[in-house]
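J.: Sharing structure_34.cif here; it has mmCIF, C-alpha atoms.
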data_final
loop_
_atom_site.group_PDB
_atom_site.id
_atom_site.type_symbol
_atom_site.label_atom_id
_atom_site.label_comp_id
_atom_site.auth_asym_id
_atom_site.auth_seq_id
_atom_site.Cartn_x
_atom_site.Cartn_y
_atom_site.Cartn_z
ATOM 1 C CA MET A 1 13.259 15.307 10.538
ATOM 2 C CA ASN A 2 12.744 12.309 8.281
ATOM 3 C CA LEU A 3 15.125 9.445 9.024
ATOM 4 C CA TYR A 4 13.698 7.270 6.260
ATOM 5 C CA LYS A 5 14.480 7.369 2.568
ATOM 6 C CA CYS A 6 12.213 8.703 -0.119
ATOM 7 C CA TYR A 7 12.188 6.976 -3.488
ATOM 8 C CA GLU A 8 11.328 8.088 -6.999
ATOM 9 C CA THR A 9 9.838 6.723 -10.169
ATOM 10 C CA GLU A 10 9.512 8.534 -13.467
ATOM 11 C CA ARG A 11 6.441 10.485 -12.313
ATOM 12 C CA LEU A 12 6.254 9.957 -8.550
ATOM 13 C CA ILE A 13 7.971 10.574 -5.241
ATOM 14 C CA LEU A 14 7.371 7.858 -2.641
ATOM 15 C CA LYS A 15 7.678 9.459 0.793
ATOM 16 C CA PRO A 16 7.209 7.587 4.071
ATOM 17 C CA THR A 17 3.861 8.676 5.476
ATOM 18 C CA THR A 18 4.124 10.966 8.522
ATOM 19 C CA VAL A 19 1.683 13.036 10.575
ATOM 20 C CA GLU A 20 2.215 15.866 8.085
ATOM 21 C CA ASP A 21 0.160 13.707 5.691
ATOM 22 C CA ALA A 22 -2.842 13.537 8.035
ATOM 23 C CA ALA A 23 -5.199 15.604 5.848
ATOM 24 C CA PHE A 24 -4.347 13.435 2.851
ATOM 25 C CA VAL A 25 -4.796 10.203 4.868
ATOM 26 C CA LEU A 26 -8.179 11.467 6.091
ATOM 27 C CA GLU A 27 -9.277 12.100 2.494
ATOM 28 C CA LEU A 28 -7.914 8.790 1.136
ATOM 29 C CA PHE A 29 -9.361 6.641 3.939
ATOM 30 C CA ASN A 30 -12.824 8.039 3.262
ATOM 31 C CA THR A 31 -12.965 7.542 -0.508
ATOM 32 C CA PRO A 32 -15.714 5.195 -1.703
ATOM 33 C CA LYS A 33 -13.290 2.510 -2.953
ATOM 34 C CA TRP A 34 -11.243 2.568 0.260
ATOM 35 C CA LEU A 35 -14.386 2.085 2.319
ATOM 36 C CA GLU A 36 -15.694 -0.640 0.002
ATOM 37 C CA TYR A 37 -12.533 -2.647 -0.610
ATOM 38 C CA ILE A 38 -10.281 -1.937 2.365
ATOM 39 C CA GLY A 39 -12.727 -1.023 5.095
ATOM 40 C CA ASP A 40 -13.725 1.751 7.437
ATOM 41 C CA ARG A 41 -10.809 2.538 9.735
ATOM 42 C CA GLN A 42 -12.896 5.066 11.696
ATOM 43 C CA VAL A 43 -10.566 7.866 10.589
ATOM 44 C CA ASN A 44 -13.056 10.737 10.440
ATOM 45 C CA THR A 45 -11.048 13.716 11.707
ATOM 46 C CA ILE A 46 -7.546 15.133 11.255
ATOM 47 C CA GLU A 47 -6.768 14.082 14.834
ATOM 48 C CA ALA A 48 -7.913 10.520 14.115
ATOM 49 C CA ALA A 49 -5.718 10.496 10.991
ATOM 50 C CA LYS A 50 -2.698 11.696 12.994
ATOM 51 C CA ASP A 51 -3.382 9.045 15.635
ATOM 52 C CA TYR A 52 -3.688 6.324 12.984
ATOM 53 C CA ILE A 53 -0.380 7.355 11.412
ATOM 54 C CA GLU A 54 1.370 7.473 14.816
ATOM 55 C CA SER A 55 -0.108 4.232 16.163
ATOM 56 C CA LYS A 56 -0.389 2.050 13.037
ATOM 57 C CA MET A 57 2.021 3.311 10.370
ATOM 58 C CA MET A 58 5.014 4.757 12.201
ATOM 59 C CA PRO A 59 5.694 1.778 14.513
ATOM 60 C CA GLN A 60 6.135 -0.592 11.553
ATOM 61 C CA LEU A 61 8.352 1.905 9.736
ATOM 62 C CA GLN A 62 10.489 2.236 12.866
ATOM 63 C CA ARG A 63 10.589 -1.543 13.433
ATOM 64 C CA LEU A 64 11.208 -2.744 9.863
ATOM 65 C CA GLY A 65 12.485 0.310 7.973
ATOM 66 C CA TYR A 66 9.612 0.256 5.486
ATOM 67 C CA GLY A 67 5.874 0.737 5.527
ATOM 68 C CA ASN A 68 3.345 3.067 3.952
ATOM 69 C CA TYR A 69 4.467 5.598 1.363
ATOM 70 C CA THR A 70 2.533 8.692 0.361
ATOM 71 C CA LEU A 71 2.699 9.068 -3.409
ATOM 72 C CA ILE A 72 3.400 12.570 -4.640
ATOM 73 C CA ARG A 73 3.141 13.529 -8.303
ATOM 74 C CA LYS A 74 6.365 15.236 -9.385
ATOM 75 C CA THR A 75 4.750 17.708 -11.806
ATOM 76 C CA ASP A 76 2.756 19.560 -9.124
ATOM 77 C CA LEU A 77 3.665 17.883 -5.779
ATOM 78 C CA CYS A 78 0.056 16.730 -5.407
ATOM 79 C CA LYS A 79 -0.512 13.783 -3.045
ATOM 80 C CA ILE A 80 -2.370 11.224 -5.144
ATOM 81 C CA GLY A 81 -2.285 7.884 -3.330
ATOM 82 C CA SER A 82 -0.390 5.468 -1.155
ATOM 83 C CA CYS A 83 1.536 2.266 -1.698
ATOM 84 C CA GLY A 84 3.534 0.233 0.712
ATOM 85 C CA LEU A 85 4.594 -2.950 2.413
ATOM 86 C CA TYR A 86 2.642 -4.058 5.463
ATOM 87 C CA ASP A 87 3.302 -6.559 8.231
ATOM 88 C CA ARG A 88 -0.362 -7.503 8.482
ATOM 89 C CA GLU A 89 -1.765 -9.611 11.308
ATOM 90 C CA GLY A 90 -2.931 -12.981 10.063
ATOM 91 C CA LEU A 91 -0.783 -12.956 6.950
ATOM 92 C CA ASP A 92 2.400 -15.021 6.953
ATOM 93 C CA GLY A 93 4.658 -12.582 5.142
ATOM 94 C CA ILE A 94 4.760 -8.973 4.028
ATOM 95 C CA ASP A 95 1.777 -7.603 2.101
ATOM 96 C CA ILE A 96 1.954 -5.079 -0.741
ATOM 97 C CA GLY A 97 -0.960 -2.675 -0.909
ATOM 98 C CA PHE A 98 -2.035 0.455 -2.766
ATOM 99 C CA ALA A 99 -4.861 2.985 -2.899
ATOM 100 C CA PHE A 100 -5.507 6.178 -4.854
ATOM 101 C CA LEU A 101 -7.724 9.189 -4.778
ATOM 102 C CA PRO A 102 -10.424 8.697 -7.444
ATOM 103 C CA ALA A 103 -9.062 11.421 -9.761
ATOM 104 C CA PHE A 104 -5.760 9.532 -10.095
ATOM 105 C CA GLU A 105 -7.028 6.029 -10.832
ATOM 106 C CA LYS A 106 -6.540 4.360 -14.222
ATOM 107 C CA LEU A 107 -3.566 6.577 -15.132
ATOM 108 C CA GLY A 108 -0.814 3.995 -14.587
ATOM 109 C CA TYR A 109 0.302 5.401 -11.236
ATOM 110 C CA ALA A 110 -0.621 2.239 -9.312
ATOM 111 C CA PHE A 111 1.513 -0.001 -11.519
ATOM 112 C CA GLU A 112 4.370 2.510 -11.470
ATOM 113 C CA ALA A 113 4.359 2.839 -7.668
ATOM 114 C CA ALA A 114 3.747 -0.843 -6.926
ATOM 115 C CA THR A 115 6.516 -1.900 -9.320
ATOM 116 C CA LYS A 116 8.932 0.355 -7.421
ATOM 117 C CA VAL A 117 7.744 -0.925 -4.033
ATOM 118 C CA LYS A 118 8.074 -4.545 -5.202
ATOM 119 C CA GLU A 119 11.620 -3.804 -6.438
ATOM 120 C CA LEU A 120 12.484 -2.192 -3.086
ATOM 121 C CA ALA A 121 11.036 -5.147 -1.183
ATOM 122 C CA LEU A 122 13.132 -7.670 -3.065
ATOM 123 C CA PHE A 123 16.386 -5.789 -3.594
ATOM 124 C CA GLU A 124 16.657 -3.124 -0.897
ATOM 125 C CA PHE A 125 14.674 -4.558 2.020
ATOM 126 C CA GLY A 126 15.802 -8.160 1.438
ATOM 127 C CA LEU A 127 12.412 -9.842 1.237
ATOM 128 C CA SER A 128 12.266 -13.125 -0.669
ATOM 129 C CA GLU A 129 8.516 -13.021 -1.213
ATOM 130 C CA ILE A 130 5.620 -10.601 -1.264
ATOM 131 C CA HIS A 131 1.991 -11.300 -0.447
ATOM 132 C CA ALA A 132 -1.185 -9.400 -1.205
ATOM 133 C CA ILE A 133 -4.826 -9.700 -0.268
ATOM 134 C CA THR A 134 -7.868 -8.274 -1.984
ATOM 135 C CA THR A 135 -11.597 -8.780 -2.112
ATOM 136 C CA LYS A 136 -13.177 -10.984 -4.763
ATOM 137 C CA GLU A 137 -14.999 -7.911 -6.074
ATOM 138 C CA ASN A 138 -11.897 -5.756 -6.538
ATOM 139 C CA ILE A 139 -11.113 -6.791 -10.102
ATOM 140 C CA SER A 140 -8.784 -3.830 -10.801
ATOM 141 C CA SER A 141 -6.630 -4.762 -7.793
ATOM 142 C CA GLN A 142 -6.527 -8.396 -8.906
ATOM 143 C CA ARG A 143 -5.423 -7.365 -12.403
ATOM 144 C CA LEU A 144 -2.689 -5.125 -11.024
ATOM 145 C CA LEU A 145 -1.376 -7.860 -8.719
ATOM 146 C CA GLU A 146 -1.229 -10.281 -11.639
ATOM 147 C CA LYS A 147 0.506 -7.655 -13.814
ATOM 148 C CA LEU A 148 3.075 -7.316 -11.006
ATOM 149 C CA GLY A 149 3.748 -11.069 -11.217
ATOM 150 C CA LEU A 150 1.839 -12.202 -8.136
ATOM 151 C CA THR A 151 -0.136 -15.448 -8.371
ATOM 152 C CA CYS A 152 -3.464 -16.133 -6.708
ATOM 153 C CA MET A 153 -2.908 -18.821 -4.069
ATOM 154 C CA GLY A 154 -6.525 -19.174 -2.971
ATOM 155 C CA ILE A 155 -8.773 -17.846 -0.224
ATOM 156 C CA ILE A 156 -7.583 -16.493 3.125
ATOM 157 C CA ASN A 157 -9.239 -14.986 6.178
ATOM 158 C CA ILE A 158 -7.507 -12.523 8.455
ATOM 159 C CA PRO A 159 -8.235 -12.101 12.185
ATOM 160 C CA ASN A 160 -11.354 -10.118 13.137
ATOM 161 C CA ASP A 161 -12.670 -10.235 9.564
ATOM 162 C CA ASP A 162 -14.914 -13.013 8.321
ATOM 163 C CA GLU A 163 -14.721 -11.955 4.659
ATOM 164 C CA ASP A 164 -13.060 -14.391 2.277
ATOM 165 C CA LEU A 165 -10.114 -12.610 0.654
ATOM 166 C CA LEU A 166 -8.032 -13.620 -2.328
ATOM 167 C CA HIS A 167 -4.419 -14.318 -1.326
ATOM 168 C CA TYR A 168 -1.699 -13.504 -3.853
ATOM 169 C CA LYS A 169 2.014 -14.263 -3.624
ATOM 170 C CA PHE A 170 5.231 -13.516 -5.474
ATOM 171 C CA SER A 171 8.321 -15.556 -4.623
ATOM 172 C CA LYS A 172 11.740 -14.346 -5.712
ATOM 173 C CA GLN A 173 12.941 -17.974 -5.694
ATOM 174 C CA SER A 174 10.355 -19.252 -8.153
ATOM 175 C CA ASN A 175 10.800 -16.266 -10.473
ATOM 176 C CA LEU A 176 14.576 -16.268 -10.910
#
With the file now loaded, output its structure as structure tokens.
T.:
Amino acid sequence: MNLYKCYETERLILKPTTVEDAAFVLELFNTPKWLEYIGDRQVNTIEAAKDYIESKMMPQLQRLGYGNYTLIRKTDLCKIGSCGLYDREGLDGIDIGFAFLPAFEKLGYAFEAATKVKELALFEFGLSEIHAITTKENISSQRLLEKLGLTCMGIINIPNDDEDLLHYKFSKQSNL
């Protein structure tokens, strides 16, 4: 039983990620871009994917009422990516993030999903600002964040990671 709302865009269903999405999470977490830009989460089996969902994704959803959403294409109910809001350690504020299976990149789905998640953050979940982090090399992510109205604030480091990351921010107050 799903206690959390699903949302829709023109082409997508945004469904809170659950253990039923473990096979999809396993595939997504092991795509080349995920490994390069987000990092190896050591999710190499269905069981590891289920454990990751139960230990990392579900607790935030239960605590805050939002988290990671599996993106499902309406035309064929194919799971194509994820987008969500994350209470990330080392980041002062809620982070928006997104990732897609390679076959579904560069088709406008990321902007469509992230626009909906940003709207939910500001108007349904009551957040006054949204943050994002990305690597210096991930130009497509940087472009999408800027298209969403986030501004690069500089360099940030998060705990247990010595890589310099670009820190983006959108503030409802400064954009009214």
J.: Once the PyMOL selection byres ((chain A and resi 153-162) around 9) has been evaluated on this model, what residues remain selected, and can you format them as a list in words?
T.: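 Evaluating the PyMOL selection byres ((chain A and resi 153-162) around 9) on these coordinates yields Arg88, Glu89, Gly90, Leu91, Ile133, Thr151, Cys152, Glu163, Asp164, Leu165, Leu166, His167, Tyr168 and Lys169 of chain A.
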J.: List as an mmCIF file with C-alpha atoms, in the coordinates of the input the protein and nucleic acid residues near region 120-131 of chain A, meaning an atom at most 6 Å away when all atoms listed in the file are counted, but skip any in the same chain fewer than 6 places from it.
T.:
data_model
loop_
_atom_site.group_PDB
_atom_site.id
_atom_site.type_symbol
_atom_site.label_atom_id
_atom_site.label_comp_id
_atom_site.auth_asym_id
_atom_site.auth_seq_id
_atom_site.Cartn_x
_atom_site.Cartn_y
_atom_site.Cartn_z
ATOM 1 C CA ILE A 94 4.760 -8.973 4.028
ATOM 2 C CA ASP A 95 1.777 -7.603 2.101
ATOM 3 C CA TYR A 168 -1.699 -13.504 -3.853
ATOM 4 C CA LYS A 169 2.014 -14.263 -3.624
ATOM 5 C CA PHE A 170 5.231 -13.516 -5.474
ATOM 6 C CA SER A 171 8.321 -15.556 -4.623
ATOM 7 C CA LYS A 172 11.740 -14.346 -5.712
#
J.: I need the residue set behind the PyMOL selection byres ((chain A and resi 110-119) around 8) for this file; please write it as a list in words.
T.: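 What the PyMOL selection byres ((chain A and resi 110-119) around 8) grabs from the file is Thr9, Leu12, Leu14, Leu71, Cys83, Gly84, Leu85, Ile96, Gly97, Phe98, Ala99, Phe100, Glu105, Lys106, Leu107, Gly108, Tyr109, Leu120, Ala121, Leu122, Phe123, Glu124, Ile130, Leu144 and Leu148 of chain A.
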J.: Which residues, named as in the file, does the PyMOL selection byres ((chain A and resi 39) around 12) pick out? Answer as number ranges by chain.
T.: A: 28-38, 40-43, 99, 134-135, 161, 163
J.: Edge lengths and centre, in Å to one decimal, as AutoDock Vina command-line options: that's what I need for the box along x, y and z that holds all listed atoms of region 130-135 of chain A plus 8 Å on each side.
T.:
--center_x -3.0 --center_y -9.8 --center_z -1.2 --size_x 33.2 --size_y 19.0 --size_z 17.8
J.: Can you tell me how far CA of Gly65 (chain A) sits from CA of Ala49 (chain A), in Å to one decimal?
T.: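 Computing it gives 21.1 Å between the two atoms.
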J.: Rounded to one decimal in Å, what is the spacing between CA of Pro16 (chain A) and CA of Leu64 (chain A)?
T.: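 Here the two named atoms are 12.5 Å from each other.
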J.: Please report the interatomic distance between CA of Tyr69 (chain A) and CA of Lys5 (chain A) in Å with one decimal.
T.: 10.2 Å
J.: Excluding same-chain residues fewer than 5 positions from Leu26 (chain A), what lies within 9 Å of it counting only C-alpha atoms, as a list of chain:residue names?
T.: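 Here the qualifying residues turn out to be A:Asp21, A:Val43, A:Asn44, A:Thr45, A:Ile46, A:Ala48, A:Ala49, A:Lys50.
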J.: Please determine, counting only C-alpha atoms, which residue among A:Thr70, A:Thr75, A:Ser141, A:Ser82 has the shortest atom-to-atom distance to Glu20 (chain A).
T.: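 Nearest to Glu20 (chain A): A:Thr70.
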J.: Find the residue from A:Arg73, A:Glu10, A:Ile80, A:Asp51 that sits nearest to Phe24 (chain A); use only C-alpha atoms when measuring.
T.: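 Among the listed residues, the smallest separation from Phe24 (chain A) belongs to A:Ile80.
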J.: What would region 54-66 of chain A look like with N, CA, C and O atoms restored, written as a compact mmCIF listing (two decimals), in the frame of the given file?
T.:
# COMPACT_ATOMS: atom_id res chain seq x y z
N GLU A 54 0.44 7.67 13.69
CA GLU A 54 1.37 7.47 14.82
C GLU A 54 1.26 6.07 15.43
O GLU A 54 2.26 5.51 15.86
N SER A 55 0.06 5.51 15.47
CA SER A 55 -0.11 4.23 16.16
C SER A 55 -0.04 3.02 15.24
O SER A 55 0.31 1.93 15.68
N LYS A 56 -0.35 3.19 13.96
CA LYS A 56 -0.39 2.05 13.04
C LYS A 56 0.73 2.08 12.00
O LYS A 56 1.28 1.04 11.67
N MET A 57 1.03 3.24 11.46
CA MET A 57 2.02 3.31 10.37
C MET A 57 3.45 3.49 10.87
O MET A 57 4.36 2.78 10.43
N MET A 58 3.66 4.43 11.75
CA MET A 58 5.01 4.76 12.20
C MET A 58 5.70 3.61 12.95
O MET A 58 6.89 3.37 12.73
N PRO A 59 5.00 2.87 13.82
CA PRO A 59 5.69 1.78 14.51
C PRO A 59 6.29 0.73 13.57
O PRO A 59 7.40 0.27 13.79
N GLN A 60 5.58 0.38 12.50
CA GLN A 60 6.14 -0.59 11.55
C GLN A 60 7.34 0.00 10.83
O GLN A 60 8.35 -0.66 10.65
N LEU A 61 7.23 1.25 10.40
CA LEU A 61 8.35 1.90 9.74
C LEU A 61 9.58 1.90 10.65
O LEU A 61 10.69 1.58 10.21
N GLN A 62 9.38 2.21 11.92
CA GLN A 62 10.49 2.24 12.87
C GLN A 62 11.04 0.84 13.12
O GLN A 62 12.25 0.66 13.25
N ARG A 63 10.18 -0.16 13.14
CA ARG A 63 10.59 -1.54 13.43
C ARG A 63 11.26 -2.21 12.24
O ARG A 63 12.27 -2.90 12.40
N LEU A 64 10.72 -2.01 11.03
CA LEU A 64 11.21 -2.74 9.86
C LEU A 64 11.98 -1.89 8.86
O LEU A 64 12.67 -2.43 8.00
N GLY A 65 11.80 -0.57 8.92
CA GLY A 65 12.48 0.31 7.97
C GLY A 65 11.70 0.55 6.70
O GLY A 65 12.18 1.23 5.78
N TYR A 66 10.50 0.02 6.62
CA TYR A 66 9.61 0.26 5.49
C TYR A 66 8.17 0.18 5.97
O TYR A 66 7.89 -0.33 7.04
